[in-house]
Each structure stands twice: as structure tokens, then as C-alpha cells.
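Peer 1: Okay, here's the structure, questions in a sec.
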Amino acid sequence: MPRFFNDLPPAVRRPVSTVVRTAGKFTSSARILPSALIVGAQRAGTTSLHRTLLQHPAILGPLHKKGVHYFDVSYPQGGDWYQGHFPLRASVRRLAQRVGVPPIAIESSPYYMFHPLAATRFARDLPGVRVVVMLRDPIARAYSAYTHERARGFETAEFADALALEEERLAGEETRIHADAGYISHAHRHNAYLARGRYAEQLANLTAAVGSGRVHVVDSGDFFTDPAATYREVVAFLGLPDWPAVHHEQHNARPRTDLDAATAERLRAYFAPHDEQLATWLGWQPSWLR
């Protein structure tokens, strides 16, 4: 799929995507699987990093959109369905001859980091996979996620009310997800504004599944301040040579009103112990604590 696919109107993208997925499934055995995943966090800059990385000539994405969402909500579709989203081996071999290094495929699905089964699934199905995590100030992330879900029609409550409702909405949802591979929890996927910001818990789950040496953490504040440096670090983590001729742009931002001071202060108090755990886990201070 050409890289300008995302620029096509939605009415054009949908039927094209259907054709691509159908054809891909029947040719899955001739296709590669991804070597790396950008797993989240949601609203932390994953789209911007994904599009920056795709400018590297040896990095390929899925054929019709950045996130396949196989290891979270589409796992019952099966491995052939997933593999059908990626480039043909013959095309990859031709590309390798042109660029001089073996190309890799990546995928970016920001629910993978938070979904309780995703890490175990991709650790098993993609042996050796490398995992890139992007972290953002959890207060800004929570409010950005709320604005995003509200705009998409997945949230109807006011922000303060949504925060108050979260514990009730999420009660028992992880248990249901573990019990039924096909269960998709609306609240867990779309309304977890606080829980998704408890980063240390999620990083512990990821590293337990794939190993700490295969997880690379990107601070989104650092990425948007100095994207070239972050890009070089990620490319090196992926085992590829640097390719400096890339353009760094911010994608998928949504306009929103400022968060009121009282709510921001409550969130700061809520996230303080979780941020402390995160800094201990990382061994360095994230940008929002400096």
C-alpha cells in the first residue's frame, strides 16, 4: 500500500482496506511479520513516531494503517489474518537489494501496552520482537485521551465525572478479558484515563513477557523537543543504520480547552506515587518531573 494511503478520504480508504485485508489473508504465508511494535501509550505521540520511522527506507508498516490491533481486540481472527497485513517477502527482498540492509516491518497499536493479554500474546507469536513504548505526562495524556474519546463518541460524561466513574466502569473488566479471548471491553479500551497513566505497572508486565532488553522507552516530551535524537536512538534499538534525511512532524493532535487548575492538582496528587515508581523503574526522571 502506498504511504500516502492515510491521506485518502475515509470513504475511499475503507473499501480499499477491505480488499487489501482479504487479499493479504490468502497470501499470508508469503508475507513477513513485524520485528517491532510501538505499543503505546495512547495519546503519547505514537502516530508521530510511527510516521517518522517509516521515512527510513528499511522500515515498513502494515499495508493499510499503522495499527492492526491484532494482539488486543482482533486476536480471534488468527495468525494468517494478522500476517496478511504486512508486505510480501519478495518485495522485501527487492528492497533489501536497494537499501543494502534487511528491511523490517513495524506496527503501532497503542492499546497493546494496556491490554492485559497483549504482551503475552506477542511475546509468544513474535519471538524476538522489539517493543517501543512512548510515555507522556500522565495528566496531559489523560485529558488528551478524554478529549479524543469524547470527539469519537466513546465518552459522554464531563471529564471530572468520567474520572469519578472510572473505577466503577473498569470493575471486573480485566477478569472478563482473561476469561474470554473474544471479549472487547468498551470501558477498558476507551475510558481508562487514570489506569493507563500508571506506567510502571504496564512496563513491568511488558518486560515480564518479552524481557527488559527488548523494551525501549521514549519520553514523548523529549521526542517533541529533540525528535532527531529520539529517532536515532529508536533506529539503533531496532538494529538499523541511521538514516538522517527524515522530517519530523506532529500528527494526530486534537484541539482542546485548558484543563482547570483544581482537576489538574487532583490528578497531580493521584499520579505522584505512580510517577515515583516509574522514575525508579526507568532509572531517570521523565520530562514532566524535571
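Each chain in the C-alpha cells gets a letter, A, B, ..., in the order shown, and its residues are numbered from 1; ligands are numbered from 1 in order too.
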Could you give me the residues within stretch 152-263 of chain A that DSSP places in alpha helix (DSSP H), as a ChimeraX atom specification?
Peer 2: /A:159-170,173-179,186-190,199-210,220-225,227-237,261-263
Peer 1: Smallest atom-to-atom distance to A:Ala105: which of A:Arg196, A:His186, A:Arg89, A:Arg43, using only C-alpha atoms?
Peer 2: A:Arg89
Peer 1: To one decimal place, how far is atom CA of A:Tyr270 from atom CA of A:Glu167 in Å?
Peer 2: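 Distance reported for this atom pair: 13.5 Å.
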Peer 1: May I ask for the distance between atom CA of A:Gly84 and atom CA of A:Tyr183, given in Å to one decimal place?
Peer 2: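 It comes out at 22.8 Å.
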Peer 1: Give me every strand (DSSP E) residue in stretch 55-256 of chain A, going by DSSP on the backbone, as a short mmCIF file (atom, residue, chain, number, x, y, z; two decimals) with N, CA and C atoms, in the first residue's frame.
Peer 2:
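Result saved to part_36.cif:
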```
data_model
loop_
_atom_site.label_atom_id
_atom_site.label_comp_id
_atom_site.auth_asym_id
_atom_site.auth_seq_id
_atom_site.Cartn_x
_atom_site.Cartn_y
_atom_site.Cartn_z
N ILE A 59 12.41 0.49 6.91
CA ILE A 59 11.31 0.25 7.85
C ILE A 59 9.99 0.30 7.10
N LEU A 60 9.22 -0.75 7.22
CA LEU A 60 7.94 -0.86 6.53
C LEU A 60 6.82 -0.99 7.54
N ILE A 104 12.78 -4.25 7.90
CA ILE A 104 11.91 -4.80 8.93
C ILE A 104 10.53 -4.15 8.81
N ALA A 105 9.53 -4.81 9.37
CA ALA A 105 8.19 -4.23 9.45
C ALA A 105 7.90 -3.86 10.90
N ILE A 106 7.15 -2.78 11.07
CA ILE A 106 6.72 -2.37 12.40
C ILE A 106 5.19 -2.19 12.39
N GLU A 107 4.62 -2.20 13.57
CA GLU A 107 3.19 -1.93 13.73
C GLU A 107 3.00 -1.10 14.98
N SER A 108 2.01 -0.21 14.99
CA SER A 108 1.77 0.67 16.14
C SER A 108 0.31 0.58 16.55
N ARG A 130 10.86 -6.59 19.20
CA ARG A 130 11.31 -5.44 19.99
C ARG A 130 10.13 -4.50 20.21
N VAL A 131 10.07 -3.93 21.39
CA VAL A 131 8.89 -3.18 21.80
C VAL A 131 9.30 -1.75 22.13
N VAL A 132 8.65 -0.79 21.49
CA VAL A 132 8.89 0.63 21.76
C VAL A 132 7.69 1.18 22.52
N VAL A 133 7.97 1.83 23.63
CA VAL A 133 6.96 2.44 24.48
C VAL A 133 7.16 3.95 24.49
N MET A 134 6.09 4.70 24.32
CA MET A 134 6.14 6.15 24.44
C MET A 134 5.35 6.56 25.69
N LEU A 135 5.95 7.41 26.51
CA LEU A 135 5.32 7.87 27.74
C LEU A 135 5.18 9.38 27.72
N VAL A 215 12.72 -3.92 25.39
CA VAL A 215 11.79 -2.82 25.58
C VAL A 215 12.57 -1.51 25.59
N HIS A 216 12.18 -0.58 24.74
CA HIS A 216 12.83 0.73 24.67
C HIS A 216 11.79 1.80 24.97
N VAL A 217 12.07 2.63 25.98
CA VAL A 217 11.13 3.65 26.41
C VAL A 217 11.52 5.00 25.83
N VAL A 218 10.54 5.66 25.24
CA VAL A 218 10.71 7.00 24.68
C VAL A 218 9.86 7.97 25.50
N ASP A 219 10.46 9.04 25.97
CA ASP A 219 9.74 10.10 26.64
C ASP A 219 9.21 11.05 25.57
#
```
Peer 1: Give me, please, the distance in Å between atom CA of A:Ser185 and atom CA of A:His50, quoted to one decimal.
Peer 2: 25.9 Å
Peer 1: Sorted by chain and rising residue number, list the residues of stretch 68-183 of chain A at most 12 Å from stretch 273-281 of chain A (counting only C-alpha atoms), each with its closest atom pair and distance in Å to one decimal, as JSON lines.
Peer 2:
```
{"residue": "A:Leu135", "atom": "CA", "partner": "A:Leu278", "partner_atom": "CA", "distance": 10.2}
{"residue": "A:Arg136", "atom": "CA", "partner": "A:Asp275", "partner_atom": "CA", "distance": 11.0}
{"residue": "A:Asp137", "atom": "CA", "partner": "A:Asp275", "partner_atom": "CA", "distance": 9.2}
{"residue": "A:Pro138", "atom": "CA", "partner": "A:Asp275", "partner_atom": "CA", "distance": 8.6}
{"residue": "A:Ile139", "atom": "CA", "partner": "A:Asp275", "partner_atom": "CA", "distance": 10.8}
```
Peer 1: Taking only C-alpha atoms into account, which of A:Tyr75, A:Thr47, A:Ile32, A:Leu117 comes nearest A:Ser91?
Peer 2: A:Ile32
Peer 1: Just want the 12 Å neighbourhood of A:Ala171, counted on only C-alpha atoms, with same-chain residues fewer than 3 positions away dropped. Output as a ChimeraX atom specification.
Peer 2: /A:165-168,174-177,185,187-188,191-192,195
Peer 1: With C-alpha atoms kept, could you save the residues just selected as a compact mmCIF listing (two decimals), in the first residue's frame?
Peer 2:
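again-v3.txt, freshly written:
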```
# COMPACT_ATOMS: atom_id res chain seq x y z
CA LEU A 165 -16.79 6.87 37.13
CA GLU A 166 -13.61 5.09 36.06
CA GLU A 167 -13.26 2.64 38.93
CA GLU A 168 -16.88 1.52 38.56
CA GLU A 174 -9.80 -7.40 33.20
CA THR A 175 -11.27 -10.61 34.60
CA ARG A 176 -13.74 -10.75 31.71
CA ILE A 177 -10.95 -10.16 29.19
CA SER A 185 -14.40 -4.09 26.83
CA ALA A 187 -14.72 0.88 29.17
CA HIS A 188 -11.26 -0.73 29.39
CA ASN A 191 -12.47 5.15 29.37
CA ALA A 192 -9.33 4.24 31.37
CA ALA A 195 -5.31 3.45 34.79
```
Peer 1: Which residues are near stretch 120-126 of chain A? Cut-off 9 Å, only C-alpha atoms, ignore same chain within fewer than 3 positions. Put them as a ChimeraX atom specification.
Peer 2: /A:33-36,71-72,75,79,116-117,129,205-206,208-210
